[in-house]
file final_9.pdb (PDB, C-alpha atoms)
ATOM      1  CA  MET K  29       9.707  21.481 -38.900
ATOM      2  CA  VAL K  30      12.233  23.560 -36.988
ATOM      3  CA  PHE K  31      14.954  22.897 -39.561
ATOM      4  CA  TYR K  32      12.840  24.396 -42.351
ATOM      5  CA  GLN K  33      12.138  27.626 -40.468
ATOM      6  CA  MET K  34      15.738  28.187 -39.364
ATOM      7  CA  LEU K  35      17.036  27.455 -42.870
ATOM      8  CA  GLY K  36      14.523  29.795 -44.474
ATOM      9  CA  TRP K  37      15.192  32.748 -42.178
ATOM     10  CA  GLY K  38      18.948  32.202 -42.246
ATOM     11  CA  ILE K  39      19.082  32.129 -46.023
ATOM     12  CA  PHE K  40      16.775  35.133 -46.251
ATOM     13  CA  PHE K  41      18.890  37.363 -44.015
ATOM     14  CA  VAL K  42      22.239  36.301 -45.462
ATOM     15  CA  SER K  43      21.057  36.727 -49.053
ATOM     16  CA  PHE K  44      19.404  40.055 -48.207
ATOM     17  CA  VAL K  45      22.648  41.469 -46.816
ATOM     18  CA  VAL K  46      24.716  40.110 -49.702
ATOM     19  CA  ALA K  47      22.184  41.463 -52.230
ATOM     20  CA  ILE K  48      22.446  44.957 -50.719
ATOM     21  CA  ILE K  49      26.238  44.788 -50.860
ATOM     22  CA  LEU K  50      26.264  43.545 -54.471
ATOM     23  CA  PHE K  51      23.800  46.168 -55.639
ATOM     24  CA  SER K  52      25.591  49.020 -53.898
ATOM     25  CA  ARG K  53      28.948  47.914 -55.265
ATOM     26  CA  TYR K  54      28.085  47.099 -58.900
ATOM     27  CA  LYS K  55      24.868  49.122 -59.453
ATOM     28  CA  ARG K  56      23.435  46.233 -61.476
ATOM     29  CA  ILE K  57      20.391  44.175 -60.677
ATOM     30  CA  TYR K  58      21.330  40.832 -62.272
ATOM     31  CA  PRO K  59      23.653  39.707 -59.419
ATOM     32  CA  VAL K  60      20.780  40.304 -57.024
ATOM     33  CA  PHE K  61      18.442  38.124 -59.074
ATOM     34  CA  TYR K  62      21.118  35.444 -59.310
ATOM     35  CA  LEU K  63      21.441  35.478 -55.528
ATOM     36  CA  ILE K  64      17.664  35.329 -55.142
ATOM     37  CA  SER K  65      17.480  32.273 -57.399
ATOM     38  CA  VAL K  66      20.207  30.457 -55.467
ATOM     39  CA  ALA K  67      18.537  31.275 -52.141
ATOM     40  CA  LEU K  68      15.178  30.116 -53.505
ATOM     41  CA  TYR K  69      16.739  26.856 -54.692
ATOM     42  CA  ILE K  70      18.260  26.148 -51.275
ATOM     43  CA  PHE K  71      15.064  27.124 -49.485
ATOM     44  CA  THR K  72      12.869  24.946 -51.736
ATOM     45  CA  ALA K  73      15.114  21.891 -51.450
ATOM     46  CA  GLY K  74      15.315  22.315 -47.666
ATOM     47  CA  PHE K  75      11.542  22.679 -47.426
ATOM     48  CA  ILE K  76      10.890  19.513 -49.440
ATOM     49  CA  ILE K  77      13.448  17.522 -47.473
ATOM     50  CA  ASP K  78      12.052  18.695 -44.139
ATOM     51  CA  VAL K  79       8.355  18.338 -44.907
ATOM     52  CA  TYR K  80       8.580  14.874 -46.410
ATOM     53  CA  LYS K  81      11.209  13.723 -43.877
ATOM     54  CA  PHE K  82      13.484  12.240 -46.520
ATOM     55  CA  GLN K  83      16.424  10.052 -45.587
ATOM     56  CA  GLU K  84      19.802   9.819 -47.359
ATOM     57  CA  PHE K  85      18.655   8.629 -50.789
ATOM     58  CA  GLY K  86      15.595  10.875 -50.784
ATOM     59  CA  ILE K  87      17.723  13.934 -50.052
ATOM     60  CA  LEU K  88      20.142  13.091 -52.850
ATOM     61  CA  ALA K  89      17.310  12.378 -55.297
ATOM     62  CA  THR K  90      15.623  15.688 -54.412
ATOM     63  CA  LEU K  91      18.808  17.673 -54.950
ATOM     64  CA  VAL K  92      19.591  15.934 -58.248
ATOM     65  CA  PHE K  93      16.047  16.320 -59.574
ATOM     66  CA  SER K  94      15.783  19.982 -58.607
ATOM     67  CA  ALA K  95      19.225  20.751 -60.070
ATOM     68  CA  ILE K  96      18.232  19.171 -63.378
ATOM     69  CA  VAL K  97      14.942  21.082 -63.458
ATOM     70  CA  PHE K  98      16.681  24.385 -62.749
ATOM     71  CA  MET K  99      19.384  23.724 -65.374
ATOM     72  CA  ILE K 100      16.781  22.978 -68.043
ATOM     73  CA  LEU K 101      14.724  26.002 -67.025
ATOM     74  CA  GLY K 102      17.800  28.240 -67.049
ATOM     75  CA  TYR K 103      18.854  27.009 -70.494
ATOM     76  CA  TYR K 104      15.359  27.547 -71.863
ATOM     77  CA  LEU K 105      15.026  31.037 -70.386
ATOM     78  CA  SER K 106      18.485  32.051 -71.610
ATOM     79  CA  LYS K 107      17.509  31.075 -75.158
ATOM     80  CA  ILE K 108      14.253  33.027 -74.983
ATOM     81  CA  MET K 109      15.922  36.098 -73.492
ATOM     82  CA  SER K 110      18.687  35.956 -76.096
ATOM     83  CA  GLU K 111      16.174  35.814 -78.948
ATOM     84  CA  GLN K 112      14.183  38.708 -77.513
ATOM     85  CA  SER K 113      17.269  40.859 -77.050
ATOM     86  CA  GLN K 114      18.362  40.102 -80.620
ATOM     87  CA  ARG K 115      14.958  41.259 -81.884
ATOM     88  CA  LEU K 116      15.265  44.497 -79.906
ATOM     89  CA  ILE K 117      18.717  45.211 -81.330
ATOM     90  CA  LYS K 118      17.511  44.869 -84.942
TER      91      LYS K 118
END

call {"tool": "encode", "arguments": {"input": "final_9.pdb", "output": "structure tokens"}}
result
Amino acid sequence: MVFYQMLGWGIFFVSFVVAIILFSRYKRIYPVFYLISVALYIFTAGFIIDVYKFQEFGILATLVFSAIVFMILGYYLSKIMSEQSQRLIK
């Protein structure tokens, strides 16, 4: 369980500092949300691997499965957001 806690806090602090730098430099919020989603992905995969004590194949299967889920979710959300923004423009 130590791996999960160190990974979580490490990712949190690194992404927090990078998010502050990105926001202060570009004055846009979307890079911050992108960074949050990447940090959440790493944290979730690390948590699952640590809690269930996966070995080599289990780790690879977890990463592949979670990457596929996030790609499908990202594609779906990009379509919905695009349609909503098109409706707002008209």

call {"tool": "atom_distance", "arguments": {"input": "final_9.pdb", "atom1": "atom CA of K:Ile57", "atom2": "atom CA of K:Ser113"}}
result
17.0 Å

call {"tool": "resolve_selection", "arguments": {"input": "final_9.pdb", "expression": "the PyMOL selection byres ((chain K and resi 69) around 12)", "output": "list in words"}}
result
Leu35, Gly36, Ile39, Phe40, Tyr62, Leu63, Ile64, Ser65, Val66, Ala67, Leu68, Ile70, Phe71, Thr72, Ala73, Gly74, Phe75, Ile76, Thr90, Leu91, Val92, Phe93, Ser94, Ala95, Ile96, Val97, Phe98 and Met99 of chain K

call {"tool": "atom_distance", "arguments": {"input": "final_9.pdb", "atom1": "atom CA of K:Leu116", "atom2": "atom CA of K:Ile100"}}
result
24.6 Å

call {"tool": "resolve_selection", "arguments": {"input": "final_9.pdb", "expression": "the PyMOL selection byres ((chain K and resi 45-47) around 10)", "output": "MDAnalysis selection string"}}
result
chainID K and resid 40:44 48:53 57 59:64

call {"tool": "axis_aligned_box", "arguments": {"input": "final_9.pdb", "around": "stretch 66-83 of chain K", "padding_each_side": "3 Å", "output": "lines of an AutoDock Vina configuration file"}}
result
center_x = 14.3
center_y = 20.7
center_z = -49.7
size_x = 17.9
size_y = 27.2
size_z = 17.6

call {"tool": "atom_distance", "arguments": {"input": "final_9.pdb", "atom1": "atom CA of K:Trp37", "atom2": "atom CA of K:Ile77"}}
result
16.2 Å

call {"tool": "decode", "arguments": {"input": "final_9.pdb", "residues": "stretch 33-77 of chain K", "atoms": "C-alpha atoms", "output": "short mmCIF file (atom, residue, chain, number, x, y, z; two decimals), in the first residue's frame"}}
result
data_model
loop_
_atom_site.label_atom_id
_atom_site.label_comp_id
_atom_site.auth_asym_id
_atom_site.auth_seq_id
_atom_site.Cartn_x
_atom_site.Cartn_y
_atom_site.Cartn_z
CA GLN K 33 0.24 6.65 -1.34
CA MET K 34 3.62 7.84 -2.63
CA LEU K 35 2.38 7.79 -6.23
CA GLY K 36 -0.77 9.70 -5.36
CA TRP K 37 0.96 12.46 -3.40
CA GLY K 38 3.79 12.74 -5.91
CA ILE K 39 1.43 13.10 -8.85
CA PHE K 40 -0.73 15.56 -6.92
CA PHE K 41 2.12 17.93 -6.07
CA VAL K 42 3.79 17.76 -9.48
CA SER K 43 0.52 18.32 -11.34
CA PHE K 44 -0.47 21.10 -8.94
CA VAL K 45 2.74 23.02 -9.61
CA VAL K 46 2.54 22.45 -13.36
CA ALA K 47 -1.13 23.50 -13.39
CA ILE K 48 -0.27 26.78 -11.65
CA ILE K 49 2.51 27.44 -14.15
CA LEU K 50 0.29 26.63 -17.15
CA PHE K 51 -2.57 28.78 -15.92
CA SER K 52 -0.35 31.74 -15.10
CA ARG K 53 1.39 31.53 -18.46
CA TYR K 54 -1.56 30.95 -20.83
CA LYS K 55 -4.53 32.29 -18.80
CA ARG K 56 -6.66 29.40 -20.06
CA ILE K 57 -8.24 26.67 -18.01
CA TYR K 58 -8.27 23.79 -20.53
CA PRO K 59 -4.55 22.88 -20.08
CA VAL K 60 -5.21 22.59 -16.36
CA PHE K 61 -8.11 20.20 -16.92
CA TYR K 62 -6.00 18.19 -19.36
CA LEU K 63 -3.29 17.89 -16.71
CA ILE K 64 -5.87 16.90 -14.10
CA SER K 65 -7.20 14.13 -16.35
CA VAL K 66 -3.72 12.74 -17.00
CA ALA K 67 -2.89 12.82 -13.29
CA LEU K 68 -6.20 11.13 -12.47
CA TYR K 69 -5.50 8.42 -15.05
CA ILE K 70 -2.06 7.69 -13.59
CA PHE K 71 -3.39 7.76 -10.04
CA THR K 72 -6.31 5.43 -10.84
CA ALA K 73 -4.15 2.91 -12.70
CA GLY K 74 -1.57 2.95 -9.89
CA PHE K 75 -4.29 2.48 -7.28
CA ILE K 76 -5.80 -0.52 -9.08
CA ILE K 77 -2.41 -2.12 -9.64
#
